[in-house]
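Text of the file model_3.csv, holding CSV, C-alpha atoms:
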```
chain,number,residue,atom,x,y,z
A,1,MET,CA,22.8,-182.4,119.0
A,2,ALA,CA,24.9,-185.2,120.5
A,3,ALA,CA,28.7,-184.8,120.4
A,4,PHE,CA,31.1,-187.4,119.0
A,5,VAL,CA,34.2,-187.5,121.3
A,6,ARG,CA,37.5,-189.2,120.9
A,7,VAL,CA,41.1,-188.9,122.2
A,8,SER,CA,44.1,-189.2,119.9
A,9,GLY,CA,47.7,-189.5,121.0
A,10,PRO,CA,50.7,-187.7,119.6
A,11,PRO,CA,51.6,-188.5,116.0
A,12,ASN,CA,53.1,-192.1,115.6
A,13,SER,CA,53.2,-192.7,119.3
A,14,ASN,CA,51.2,-193.8,122.3
A,15,PHE,CA,49.3,-191.6,124.8
A,16,LEU,CA,52.0,-192.4,127.3
A,17,VAL,CA,55.2,-190.4,127.0
A,18,GLY,CA,58.2,-191.1,129.2
A,19,TYR,CA,58.7,-194.0,131.6
A,20,PRO,CA,56.5,-194.2,134.8
A,21,GLY,CA,58.6,-194.8,137.9
A,22,ILE,CA,61.7,-192.9,136.4
A,23,SER,CA,61.4,-189.2,137.4
A,24,ALA,CA,64.0,-188.0,134.9
A,25,THR,CA,61.8,-188.9,132.0
A,26,LEU,CA,58.8,-186.8,133.3
A,27,PRO,CA,56.2,-189.6,132.6
A,28,ARG,CA,53.0,-188.1,131.2
A,29,VAL,CA,49.9,-188.7,129.2
A,30,GLU,CA,49.7,-186.5,126.1
A,31,GLY,CA,46.9,-186.3,123.6
A,32,ARG,CA,44.1,-184.3,122.1
A,33,VAL,CA,40.4,-184.4,122.8
A,34,GLU,CA,38.5,-184.1,119.5
A,35,ILE,CA,34.8,-183.2,119.5
A,36,ARG,CA,32.7,-183.4,116.4
A,37,PRO,CA,29.0,-183.6,115.5
A,38,GLN,CA,27.6,-187.1,116.2
A,39,GLN,CA,25.5,-187.0,113.0
A,40,GLY,CA,26.1,-185.1,109.8
A,41,VAL,CA,29.3,-183.1,109.1
A,42,SER,CA,28.4,-179.5,109.9
A,43,ALA,CA,25.5,-179.5,112.3
A,44,PRO,CA,26.8,-177.6,115.3
A,45,VAL,CA,26.9,-179.1,118.8
A,46,ASN,CA,26.4,-177.2,122.0
A,47,VAL,CA,29.3,-177.5,124.4
A,48,SER,CA,29.5,-175.8,127.8
A,49,LEU,CA,32.4,-177.6,129.5
A,50,VAL,CA,35.2,-180.1,128.7
A,51,THR,CA,37.5,-181.7,131.3
A,52,VAL,CA,40.0,-184.5,131.1
A,53,SER,CA,41.5,-186.7,133.8
A,54,LEU,CA,43.5,-189.9,134.2
A,55,GLN,CA,41.6,-192.4,136.4
A,56,ARG,CA,43.0,-195.5,138.0
A,57,ARG,CA,40.5,-198.3,138.7
A,58,GLU,CA,41.6,-201.0,141.1
A,59,SER,CA,39.6,-204.0,142.2
A,60,ILE,CA,40.1,-207.3,144.1
A,61,ASN,CA,38.3,-210.5,144.7
A,62,ALA,CA,40.3,-212.4,147.3
A,63,ASN,CA,38.0,-215.4,146.9
A,64,ALA,CA,38.3,-215.6,143.1
A,65,ASP,CA,39.9,-219.1,143.4
A,66,SER,CA,36.9,-220.4,145.4
A,67,LEU,CA,34.1,-221.4,143.1
A,68,ILE,CA,31.4,-221.0,145.8
A,69,ARG,CA,32.4,-217.6,147.2
A,70,SER,CA,33.4,-216.0,143.9
A,71,ASN,CA,29.8,-216.0,142.8
A,72,ILE,CA,29.0,-213.7,145.7
A,73,SER,CA,29.2,-210.3,144.0
A,74,SER,CA,29.8,-208.4,147.3
A,75,SER,CA,33.2,-210.1,147.6
A,76,ARG,CA,34.6,-207.8,144.9
A,77,LYS,CA,36.0,-204.4,146.2
A,78,GLU,CA,36.8,-201.5,143.9
A,79,VAL,CA,38.4,-198.1,144.3
A,80,VAL,CA,38.6,-195.3,141.7
A,81,ASP,CA,41.3,-192.6,142.0
A,82,ILE,CA,42.3,-189.6,139.9
A,83,VAL,CA,46.0,-189.7,139.0
A,84,GLY,CA,47.6,-186.3,138.9
A,85,LYS,CA,45.1,-183.5,138.4
A,86,GLU,CA,41.9,-183.1,136.4
A,87,MET,CA,42.4,-180.5,133.6
A,88,LEU,CA,39.8,-178.0,132.5
A,89,LEU,CA,40.1,-177.8,128.7
A,90,PHE,CA,37.1,-175.6,127.8
A,91,ARG,CA,34.4,-173.6,129.5
A,92,CYS,CA,32.0,-171.3,127.6
A,93,PRO,CA,32.1,-167.6,128.5
A,94,PRO,CA,30.1,-166.4,131.6
A,95,GLY,CA,26.5,-165.6,130.9
A,96,LYS,CA,26.2,-168.2,128.1
A,97,GLU,CA,24.7,-171.6,128.6
A,98,SER,CA,26.8,-173.2,125.8
A,99,GLU,CA,28.8,-172.5,122.7
A,100,GLN,CA,27.7,-173.7,119.3
A,101,VAL,CA,30.7,-175.6,118.0
A,102,MET,CA,31.3,-177.4,114.6
A,103,CYS,CA,34.8,-178.8,115.5
A,104,MET,CA,37.0,-178.7,118.6
A,105,ASP,CA,40.5,-180.0,119.1
A,106,LEU,CA,41.8,-179.5,122.7
A,107,PRO,CA,45.4,-180.6,123.4
A,108,PHE,CA,46.3,-181.8,127.0
A,109,VAL,CA,49.1,-183.2,129.0
A,110,ILE,CA,48.7,-184.9,132.4
A,111,PHE,CA,51.9,-185.5,134.4
A,112,ILE,CA,52.0,-188.8,136.2
A,113,PRO,CA,53.3,-188.5,139.8
A,114,TYR,CA,56.9,-189.8,140.0
A,115,GLY,CA,57.8,-189.1,143.7
A,116,ARG,CA,57.2,-191.6,146.4
A,117,GLY,CA,55.9,-188.8,148.6
A,118,GLY,CA,55.7,-190.8,151.8
A,119,GLU,CA,52.2,-190.4,153.3
A,120,GLU,CA,51.2,-187.9,150.6
A,121,ILE,CA,49.2,-190.3,148.4
A,122,ALA,CA,48.9,-187.8,145.5
A,123,ARG,CA,52.6,-187.9,144.8
A,124,ARG,CA,53.1,-191.7,144.9
A,125,VAL,CA,54.1,-193.4,141.7
A,126,PRO,CA,50.9,-195.2,140.5
A,127,PRO,CA,51.1,-199.0,140.2
A,128,ALA,CA,51.3,-200.7,136.8
A,129,SER,CA,48.3,-202.0,134.9
A,130,LEU,CA,47.9,-205.7,135.9
A,131,GLN,CA,45.2,-208.4,135.8
A,132,LEU,CA,45.7,-211.6,137.7
A,133,ASP,CA,44.1,-214.9,136.8
A,134,LYS,CA,40.3,-215.0,137.4
A,135,ARG,CA,40.5,-211.2,138.0
A,136,ALA,CA,41.6,-211.9,141.6
A,137,ALA,CA,43.2,-208.4,141.5
A,138,GLU,CA,43.4,-205.9,138.7
A,139,THR,CA,44.5,-202.3,138.1
A,140,PHE,CA,43.8,-200.4,134.9
A,141,TYR,CA,43.8,-196.8,133.7
A,142,GLU,CA,41.4,-194.7,131.6
A,143,ILE,CA,41.6,-191.2,130.2
A,144,VAL,CA,38.2,-189.9,131.1
A,145,VAL,CA,36.8,-186.9,129.1
A,146,THR,CA,33.8,-185.2,130.7
A,147,VAL,CA,31.6,-183.1,128.4
A,148,GLN,CA,28.7,-180.9,129.5
A,149,GLN,CA,26.3,-180.0,126.7
A,150,GLY,CA,24.1,-177.1,127.8
A,151,HIS,CA,21.4,-178.1,130.3
A,152,GLN,CA,21.9,-181.8,129.6
A,153,GLU,CA,23.5,-184.1,132.1
A,154,GLN,CA,27.3,-184.4,132.0
A,155,ARG,CA,28.6,-187.4,129.9
A,156,LYS,CA,31.8,-189.2,130.5
A,157,TYR,CA,33.8,-190.9,127.8
A,158,PRO,CA,36.5,-193.4,129.0
A,159,PHE,CA,39.5,-194.4,126.8
A,160,PRO,CA,41.8,-197.2,128.2
A,161,VAL,CA,45.5,-196.5,128.4
A,162,PRO,CA,47.9,-199.3,129.7
A,163,ILE,CA,50.6,-198.1,132.1
A,164,THR,CA,53.8,-200.1,132.9
A,165,ARG,CA,56.4,-199.3,135.6
A,166,TYR,CA,60.1,-199.2,134.8
A,167,ASP,CA,61.7,-198.7,138.2
A,168,THR,CA,62.3,-202.5,138.7
A,169,LEU,CA,64.4,-203.1,135.6
A,170,SER,CA,67.1,-205.7,136.4
A,171,THR,CA,69.7,-203.6,134.6
A,172,PHE,CA,69.7,-200.8,137.2
A,173,GLY,CA,72.8,-200.7,139.4
A,174,MET,CA,70.9,-200.9,142.7
A,175,TYR,CA,69.7,-204.4,141.8
A,176,ASN,CA,73.1,-205.6,140.5
A,177,ARG,CA,75.0,-205.6,143.8
A,178,PRO,CA,75.3,-208.8,145.9
A,179,GLU,CA,72.8,-209.3,148.7
A,180,SER,CA,73.4,-211.7,151.6
A,181,MET,CA,71.4,-213.1,154.5
A,182,GLU,CA,71.9,-215.6,157.4
A,183,GLN,CA,69.7,-217.8,159.6
A,184,THR,CA,70.8,-220.1,162.5
A,185,ALA,CA,69.2,-223.3,163.9
A,186,ASP,CA,69.7,-224.5,167.5
A,187,HIS,CA,72.9,-222.4,167.7
A,188,LEU,CA,74.6,-225.2,166.0
A,189,VAL,CA,74.4,-224.5,162.2
A,190,THR,CA,74.2,-221.2,160.3
A,191,LEU,CA,72.8,-221.0,156.8
A,192,GLY,CA,74.1,-218.1,154.8
A,193,ILE,CA,73.2,-217.2,151.2
A,194,SER,CA,74.4,-214.7,148.7
A,195,LEU,CA,72.7,-213.5,145.5
A,196,PRO,CA,74.7,-211.7,142.8
A,197,ARG,CA,71.6,-209.6,141.9
A,198,TRP,CA,68.1,-209.4,143.2
A,199,SER,CA,65.8,-208.3,140.4
A,200,TYR,CA,64.5,-211.0,138.0
A,201,GLY,CA,62.2,-211.3,135.0
A,202,PRO,CA,60.7,-214.2,132.9
A,203,LEU,CA,63.2,-216.9,132.1
A,204,ASP,CA,66.1,-215.1,133.9
A,205,PRO,CA,68.5,-217.5,135.6
A,206,VAL,CA,68.4,-217.2,139.5
A,207,SER,CA,71.8,-218.2,141.0
A,208,VAL,CA,72.3,-218.7,144.8
A,209,TYR,CA,75.6,-219.2,146.6
A,210,ILE,CA,74.9,-221.3,149.8
A,211,LYS,CA,77.1,-221.9,152.8
A,212,LEU,CA,76.3,-224.0,155.9
A,213,SER,CA,78.7,-223.3,158.8
A,214,PRO,CA,79.1,-225.1,162.1
A,215,ASN,CA,79.2,-223.1,165.4
A,216,ALA,CA,82.9,-223.1,166.4
A,217,ASP,CA,81.9,-223.1,170.1
A,218,TRP,CA,79.7,-226.2,169.7
A,219,LEU,CA,81.9,-228.0,167.2
A,220,SER,CA,81.6,-231.5,168.6
A,221,ARG,CA,77.8,-231.4,168.5
A,222,ALA,CA,77.7,-229.5,165.1
A,223,LYS,CA,79.8,-232.2,163.4
A,224,LYS,CA,77.1,-234.8,164.2
A,225,VAL,CA,74.6,-232.9,162.1
A,226,THR,CA,73.9,-234.4,158.7
A,227,ILE,CA,72.8,-232.2,155.7
A,228,GLN,CA,70.0,-234.3,154.1
A,229,SER,CA,69.0,-231.8,151.3
A,230,ILE,CA,68.9,-228.2,150.2
A,231,THR,CA,65.8,-226.7,148.4
A,232,VAL,CA,65.7,-223.4,146.6
A,233,GLY,CA,62.3,-221.9,145.6
A,234,ILE,CA,60.5,-218.7,144.6
A,235,ASP,CA,57.4,-217.8,146.4
A,236,GLU,CA,54.7,-215.2,145.3
A,237,GLU,CA,52.8,-213.6,148.2
A,238,ILE,CA,49.7,-211.6,147.5
A,239,ILE,CA,48.4,-209.5,150.4
A,240,TYR,CA,44.8,-208.4,149.9
A,241,ASN,CA,43.7,-205.2,151.8
A,242,PRO,CA,47.3,-204.6,153.1
A,243,GLU,CA,46.2,-201.4,155.0
A,244,GLY,CA,42.8,-202.7,156.0
A,245,ASP,CA,41.6,-204.3,159.3
A,246,GLU,CA,42.0,-207.9,158.1
A,247,PRO,CA,44.7,-208.3,155.5
A,248,SER,CA,44.6,-211.8,153.9
A,249,ARG,CA,47.7,-213.4,152.5
A,250,LYS,CA,47.9,-216.0,149.7
A,251,VAL,CA,51.3,-217.7,149.1
A,252,LYS,CA,52.1,-219.7,146.0
A,253,THR,CA,55.4,-221.5,145.1
A,254,LEU,CA,56.3,-220.6,141.5
A,255,ALA,CA,59.4,-222.7,141.1
A,256,LYS,CA,61.4,-225.1,143.2
A,257,HIS,CA,64.7,-227.1,142.9
A,258,GLN,CA,65.9,-229.7,145.4
A,259,GLN,CA,69.4,-231.1,145.8
A,260,SER,CA,70.1,-234.2,147.8
A,261,VAL,CA,73.3,-233.9,149.9
A,262,GLY,CA,73.5,-236.7,152.5
A,263,VAL,CA,76.8,-235.7,154.1
A,264,LYS,CA,77.9,-234.8,157.6
A,265,LEU,CA,78.6,-231.1,158.2
A,266,PRO,CA,82.3,-230.6,157.6
A,267,GLU,CA,84.3,-228.6,160.1
A,268,ALA,CA,85.1,-226.0,157.4
A,269,GLY,CA,81.5,-225.8,156.4
A,270,TYR,CA,79.5,-226.9,153.3
A,271,PHE,CA,79.4,-224.7,150.2
A,272,THR,CA,77.3,-225.1,147.1
A,273,ASN,CA,75.8,-223.1,144.2
A,274,LEU,CA,72.2,-223.7,143.3
A,275,GLY,CA,70.1,-222.2,140.7
A,276,LEU,CA,66.7,-222.2,138.8
A,277,VAL,CA,65.0,-220.4,136.0
A,278,PHE,CA,62.4,-217.8,136.9
A,279,PRO,CA,59.1,-219.1,135.4
A,280,ALA,CA,57.5,-217.4,132.4
A,281,ARG,CA,53.9,-217.6,131.3
A,282,GLU,CA,53.1,-219.0,127.9
A,283,LEU,CA,51.2,-216.3,126.1
A,284,ARG,CA,50.2,-218.4,123.0
A,285,ASP,CA,47.3,-220.8,123.0
A,286,ASN,CA,47.4,-224.5,122.2
A,287,GLU,CA,47.5,-223.8,118.5
A,288,GLY,CA,50.4,-221.4,118.9
A,289,VAL,CA,48.3,-218.3,118.3
A,290,LEU,CA,48.9,-215.1,120.3
A,291,PRO,CA,45.4,-214.0,121.5
A,292,ARG,CA,44.4,-210.4,121.0
A,293,GLY,CA,45.4,-208.5,124.0
A,294,LYS,CA,43.0,-206.4,126.1
A,295,LYS,CA,43.3,-202.7,125.5
A,296,GLU,CA,43.6,-202.0,129.3
A,297,PHE,CA,46.5,-204.4,129.9
A,298,PRO,CA,50.0,-204.9,128.4
A,299,MET,CA,50.9,-208.5,127.5
A,300,TYR,CA,53.2,-209.6,130.3
A,301,LYS,CA,55.2,-212.9,130.2
A,302,VAL,CA,54.9,-213.2,134.0
A,303,SER,CA,51.5,-213.6,135.7
A,304,GLY,CA,52.4,-211.0,138.3
A,305,PHE,CA,55.3,-208.8,139.4
A,306,THR,CA,56.4,-206.7,142.5
A,307,THR,CA,53.7,-204.1,142.9
A,308,THR,CA,51.9,-202.1,145.6
A,309,GLY,CA,48.4,-200.8,145.1
A,310,THR,CA,45.7,-199.6,147.5
A,311,LEU,CA,43.8,-202.9,147.7
A,312,TYR,CA,46.5,-205.4,147.1
A,313,LYS,CA,50.3,-205.9,147.2
A,314,ILE,CA,52.4,-208.5,145.5
A,315,GLU,CA,55.8,-209.5,147.0
A,316,TYR,CA,58.3,-212.2,146.0
A,317,TYR,CA,60.7,-214.2,148.1
A,318,LEU,CA,63.6,-216.5,147.3
A,319,THR,CA,63.4,-219.4,149.9
A,320,VAL,CA,66.3,-221.7,150.8
A,321,LYS,CA,65.5,-224.6,153.1
A,322,ALA,CA,68.2,-226.9,154.6
A,323,ARG,CA,66.9,-230.2,155.8
A,324,LEU,CA,69.1,-231.4,158.7
A,325,SER,CA,69.2,-234.4,161.1
A,326,SER,CA,70.4,-233.9,164.7
A,327,ALA,CA,69.4,-230.2,164.3
A,328,ARG,CA,66.3,-228.3,163.3
A,329,ASP,CA,65.7,-227.5,159.6
A,330,ILE,CA,66.6,-224.0,158.6
A,331,LEU,CA,64.3,-221.9,156.4
A,332,LEU,CA,65.5,-218.6,155.0
A,333,ARG,CA,63.3,-216.1,153.0
A,334,LYS,CA,65.0,-213.4,151.1
A,335,PRO,CA,62.8,-210.6,149.5
A,336,ILE,CA,63.5,-210.2,145.7
A,337,VAL,CA,62.1,-207.9,143.1
A,338,VAL,CA,60.2,-209.3,140.1
A,339,CYS,CA,60.2,-207.3,136.9
A,340,PRO,CA,57.7,-207.8,134.0
A,341,PHE,CA,60.7,-207.9,131.5
A,342,ASP,CA,63.6,-210.3,131.2
A,343,HIS,CA,67.2,-209.1,131.5
A,344,VAL,CA,67.6,-208.8,127.7
A,345,GLY,CA,64.4,-206.7,127.4
A,346,CYS,CA,65.6,-204.5,130.3
A,347,LYS,CA,68.9,-203.8,128.5
A,348,GLU,CA,67.0,-202.8,125.3
A,349,GLU,CA,65.0,-200.3,127.3
A,350,MET,CA,68.0,-198.5,128.8
A,351,GLU,CA,69.0,-196.6,125.7
A,352,ALA,CA,65.4,-195.4,125.1
A,353,ILE,CA,65.1,-194.3,128.8
A,354,GLU,CA,68.3,-192.2,128.5
A,355,GLN,CA,66.9,-190.6,125.3
A,356,ALA,CA,63.5,-189.9,127.1
A,357,ALA,CA,65.4,-188.3,129.9
A,358,LYS,CA,67.2,-186.0,127.5
A,359,ASP,CA,63.9,-185.1,125.8
A,360,ALA,CA,62.3,-184.4,129.2
A,361,ALA,CA,65.1,-182.0,130.2
A,362,HIS,CA,63.5,-179.3,127.9
A,363,ILE,CA,60.0,-179.6,129.4
A,364,SER,CA,58.7,-177.7,132.4
A,365,PRO,CA,55.9,-179.4,134.3
A,366,ASP,CA,54.5,-176.0,135.3
A,367,ASN,CA,54.4,-174.8,131.7
A,368,PRO,CA,54.5,-177.7,129.2
A,369,MET,CA,54.0,-175.4,126.1
A,370,LEU,CA,51.0,-177.1,124.6
A,371,PRO,CA,49.8,-176.4,121.1
A,372,ALA,CA,46.9,-173.9,120.9
A,373,ALA,CA,43.4,-175.3,121.0
A,374,THR,CA,41.4,-175.3,117.7
A,375,ILE,CA,37.7,-174.3,118.1
A,376,ILE,CA,35.5,-173.7,115.0
A,377,ARG,CA,32.3,-172.1,116.1
A,378,ALA,CA,29.1,-172.2,114.1
A,379,ASN,CA,29.2,-168.5,113.1
A,380,ASP,CA,33.0,-168.5,112.1
A,381,PRO,CA,33.3,-167.2,108.5
A,382,ALA,CA,35.7,-170.0,107.5
A,383,GLY,CA,34.0,-172.6,109.7
A,384,LEU,CA,32.8,-174.9,106.8
A,385,ARG,CA,36.2,-174.6,105.2
A,386,ALA,CA,37.9,-176.0,108.3
A,387,LEU,CA,35.6,-179.1,108.0
A,388,GLY,CA,36.4,-179.6,104.3
A,389,MET,CA,33.0,-178.3,103.1
A,390,CYS,CA,31.8,-175.2,101.2
A,391,ILE,CA,28.5,-173.7,100.0
A,392,ILE,CA,28.0,-173.7,96.2
A,393,GLY,CA,24.6,-172.6,94.8
A,394,GLY,CA,23.1,-172.8,98.3
A,395,GLN,CA,24.2,-176.4,98.7
A,396,ARG,CA,26.9,-177.9,100.9
A,397,LYS,CA,29.6,-179.6,98.8
A,398,PRO,CA,33.0,-181.2,99.7
A,399,LEU,CA,35.8,-178.6,99.4
A,400,ILE,CA,38.4,-179.4,96.7
A,401,GLU,CA,41.4,-177.1,97.0
```

Encoded form using structure tokens:
Amino acid sequence: MAAFVRVSGPPNSNFLVGYPGISATLPRVEGRVEIRPQQGVSAPVNVSLVTVSLQRRESINANADSLIRSNISSSRKEVVDIVGKEMLLFRCPPGKESEQVMCMDLPFVIFIPYGRGGEEIARRVPPASLQLDKRAAETFYEIVVTVQQGHQEQRKYPFPVPITRYDTLSTFGMYNRPESMEQTADHLVTLGISLPRWSYGPLDPVSVYIKLSPNADWLSRAKKVTIQSITVGIDEEIIYNPEGDEPSRKVKTLAKHQQSVGVKLPEAGYFTNLGLVFPARELRDNEGVLPRGKKEFPMYKVSGFTTTGTLYKIEYYLTVKARLSSARDILLRKPIVVCPFDHVGCKEEMEAIEQAAKDAAHISPDNPMLPAATIIRANDPAGLRALGMCIIGGQRKPLIE
């Protein structure tokens, strides 16, 4: 008899508990594997073994934007990893091929790694679920239940679970301290920038303080330099196969703002503030309708964000270019962090993260105190009662208490 298998999360909440990337919240996947007869209500099913695991599926097609090469199926690469550990939920006693079961509820909890772990891949924080345009790169997660029914072949039942990372929130203190950088051209002019913070989300304002200073030792030559224009931009760089033999890089400018200056470089230097708005993706279609999201991926208002997987890596840079005459142009690229949520959204999450950390303080990863499994076997005296059935006059009837 075939088994009907499903996974249900904790009451009134998602499978995912805690905040991946924030160790104090003990991020984990909680739920219950439910096994019932595929047909009928009380025909028992044979079950030998039940396991559950969280799988990450990652794939890339670096040529997705090329119409000719994207049709070549071999251009897509895929890896599948188990996140954390596979859990054994049920195994029938030794010497028996299978157990005849009417109903089975098996609680489980899988802890998501939250330590960077250096070279130890098993402890690295898994990357967030993401799908780029034309599926150039994608990462998604599935709870996979494996069921062995007697001598039959093992069957796997996947259930998608979207995972978001919360360690890049722009409200964290480490991103809210000023960052600066300098670059020199021809030993004559130095371009310096300062950012008040360096994590941004959709529609967040990006403000840059810019200073062009002459070299005091070459002042007479430096004063002949004319500042023609200053451009501020945001670049997205996707690196496919970052740890492979031939990593390929694709750079795209997401936003740009140019200011014409046209003045000679003053002895005291030239100072200005430039800014732009980090671009957001329009989620609604032409008629203003929000399309139904895919179960594997959360709805992000940015097309990509800072992330590192096995097959691809996405990085972001703030670029400042000073166009000069009588000296070489200066280009400066400062790494920044891009978060899937805007600054207001990040603030709203902070209170919930604090609460999740308080809740997680009472949980031990070594002994998470799961509820007991419920297994109703075919020969249990109250087996039919547990299924809401009873025998009256030799016939099965619904049980009305």

(message) As an exercise, work out the distance from atom CA of A:Pro398 to atom CA of A:Ala43 in Å and give it to one decimal place.
(response)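 One can read the atom CA of A:Pro398 to atom CA of A:Ala43 distance as 14.8 Å.
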
(request) Would you kindly return, as an MDAnalysis selection string, each protein, DNA or RNA residue with an atom no farther than 9 Å from any atom of stretch 137-151 of chain A, considering only C-alpha atoms and excluding same-chain residues fewer than 4 positions away? (result) chainID A and resid 1:3 5:7 29 33 45:62 64 97:99 127:133 155:163 240 296:297 309 311:312

Selection to disk with C-alpha atoms, as a PDB file, in the coordinates of the input:
```pdb
ATOM      1  CA  MET A   1      22.800-182.400 119.000  1.00  0.00           C
ATOM      2  CA  ALA A   2      24.900-185.200 120.500  1.00  0.00           C
ATOM      3  CA  ALA A   3      28.700-184.800 120.400  1.00  0.00           C
ATOM      4  CA  VAL A   5      34.200-187.500 121.300  1.00  0.00           C
ATOM      5  CA  ARG A   6      37.500-189.200 120.900  1.00  0.00           C
ATOM      6  CA  VAL A   7      41.100-188.900 122.200  1.00  0.00           C
ATOM      7  CA  VAL A  29      49.900-188.700 129.200  1.00  0.00           C
ATOM      8  CA  VAL A  33      40.400-184.400 122.800  1.00  0.00           C
ATOM      9  CA  VAL A  45      26.900-179.100 118.800  1.00  0.00           C
ATOM     10  CA  ASN A  46      26.400-177.200 122.000  1.00  0.00           C
ATOM     11  CA  VAL A  47      29.300-177.500 124.400  1.00  0.00           C
ATOM     12  CA  SER A  48      29.500-175.800 127.800  1.00  0.00           C
ATOM     13  CA  LEU A  49      32.400-177.600 129.500  1.00  0.00           C
ATOM     14  CA  VAL A  50      35.200-180.100 128.700  1.00  0.00           C
ATOM     15  CA  THR A  51      37.500-181.700 131.300  1.00  0.00           C
ATOM     16  CA  VAL A  52      40.000-184.500 131.100  1.00  0.00           C
ATOM     17  CA  SER A  53      41.500-186.700 133.800  1.00  0.00           C
ATOM     18  CA  LEU A  54      43.500-189.900 134.200  1.00  0.00           C
ATOM     19  CA  GLN A  55      41.600-192.400 136.400  1.00  0.00           C
ATOM     20  CA  ARG A  56      43.000-195.500 138.000  1.00  0.00           C
ATOM     21  CA  ARG A  57      40.500-198.300 138.700  1.00  0.00           C
ATOM     22  CA  GLU A  58      41.600-201.000 141.100  1.00  0.00           C
ATOM     23  CA  SER A  59      39.600-204.000 142.200  1.00  0.00           C
ATOM     24  CA  ILE A  60      40.100-207.300 144.100  1.00  0.00           C
ATOM     25  CA  ASN A  61      38.300-210.500 144.700  1.00  0.00           C
ATOM     26  CA  ALA A  62      40.300-212.400 147.300  1.00  0.00           C
ATOM     27  CA  ALA A  64      38.300-215.600 143.100  1.00  0.00           C
ATOM     28  CA  GLU A  97      24.700-171.600 128.600  1.00  0.00           C
ATOM     29  CA  SER A  98      26.800-173.200 125.800  1.00  0.00           C
ATOM     30  CA  GLU A  99      28.800-172.500 122.700  1.00  0.00           C
ATOM     31  CA  PRO A 127      51.100-199.000 140.200  1.00  0.00           C
ATOM     32  CA  ALA A 128      51.300-200.700 136.800  1.00  0.00           C
ATOM     33  CA  SER A 129      48.300-202.000 134.900  1.00  0.00           C
ATOM     34  CA  LEU A 130      47.900-205.700 135.900  1.00  0.00           C
ATOM     35  CA  GLN A 131      45.200-208.400 135.800  1.00  0.00           C
ATOM     36  CA  LEU A 132      45.700-211.600 137.700  1.00  0.00           C
ATOM     37  CA  ASP A 133      44.100-214.900 136.800  1.00  0.00           C
ATOM     38  CA  ARG A 155      28.600-187.400 129.900  1.00  0.00           C
ATOM     39  CA  LYS A 156      31.800-189.200 130.500  1.00  0.00           C
ATOM     40  CA  TYR A 157      33.800-190.900 127.800  1.00  0.00           C
ATOM     41  CA  PRO A 158      36.500-193.400 129.000  1.00  0.00           C
ATOM     42  CA  PHE A 159      39.500-194.400 126.800  1.00  0.00           C
ATOM     43  CA  PRO A 160      41.800-197.200 128.200  1.00  0.00           C
ATOM     44  CA  VAL A 161      45.500-196.500 128.400  1.00  0.00           C
ATOM     45  CA  PRO A 162      47.900-199.300 129.700  1.00  0.00           C
ATOM     46  CA  ILE A 163      50.600-198.100 132.100  1.00  0.00           C
ATOM     47  CA  TYR A 240      44.800-208.400 149.900  1.00  0.00           C
ATOM     48  CA  GLU A 296      43.600-202.000 129.300  1.00  0.00           C
ATOM     49  CA  PHE A 297      46.500-204.400 129.900  1.00  0.00           C
ATOM     50  CA  GLY A 309      48.400-200.800 145.100  1.00  0.00           C
ATOM     51  CA  LEU A 311      43.800-202.900 147.700  1.00  0.00           C
ATOM     52  CA  TYR A 312      46.500-205.400 147.100  1.00  0.00           C
TER      53      TYR A 312
END
```

(request) Tell me which of A:Tyr209, A:Tyr114, A:Phe4, A:Tyr300 sits closest to A:Leu274, counting all atoms listed in the file. (result) A:Tyr209

If we count all atoms listed in the file and set the cut-off at 10 Å, which residues sit around A:Ala268, ignoring sequence neighbours fewer than 4 positions away in its own chain? Please answer as a short mmCIF file (atom, residue, chain, number, x, y, z; two decimals) with C-alpha atoms, in the coordinates of the input.
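The resulting file, result_7.cif, is reproduced below:
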```cif
data_model
loop_
_atom_site.label_atom_id
_atom_site.label_comp_id
_atom_site.auth_asym_id
_atom_site.auth_seq_id
_atom_site.Cartn_x
_atom_site.Cartn_y
_atom_site.Cartn_z
CA LEU A 212 76.30 -224.00 155.90
CA SER A 213 78.70 -223.30 158.80
CA PRO A 214 79.10 -225.10 162.10
CA ALA A 216 82.90 -223.10 166.40
#
```

Near-A:Gly21 list (8 Å; all atoms listed in the file; drop same-chain fewer than 3 positions) as a short mmCIF file (atom, residue, chain, number, x, y, z; two decimals) with C-alpha atoms, keeping the file's coordinate frame:
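Wrote it out as around00.cif, contents follow:
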```
data_model
loop_
_atom_site.label_atom_id
_atom_site.label_comp_id
_atom_site.auth_asym_id
_atom_site.auth_seq_id
_atom_site.Cartn_x
_atom_site.Cartn_y
_atom_site.Cartn_z
CA PRO A 27 56.20 -189.60 132.60
CA TYR A 114 56.90 -189.80 140.00
CA VAL A 125 54.10 -193.40 141.70
CA ARG A 165 56.40 -199.30 135.60
CA TYR A 166 60.10 -199.20 134.80
CA ASP A 167 61.70 -198.70 138.20
#
```

(request) Find the distance between atom CA of A:Asn63 and atom CA of A:Ser303 and write it in Å to one decimal. (result)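 Computing the Euclidean distance for atom CA of A:Asn63 and atom CA of A:Ser303 yields 17.6 Å.
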
(request) Could you give me, as number ranges by chain, the residues within 10 Å of A:Lys264, counting all atoms listed in the file and dropping anything in the same chain fewer than 3 positions from it? (result) A: 222-228, 261, 267, 269-270, 324-325

(message) Around (66.6, -202.3, 140.4), as given in the file, which residues come within 12 Å? Count all atoms listed in the file and list them as a PyMOL selection string.
(response) chain A and resi 21-22+165-177+197-201+306+336-339+343+346

(message) From the options A:Cys390, A:Val251, A:Ala382, A:Leu276, which residue's atoms come nearest to A:Val206, counting only C-alpha atoms?
(response)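 Of the candidates, the smallest distance to A:Val206 is held by A:Leu276.
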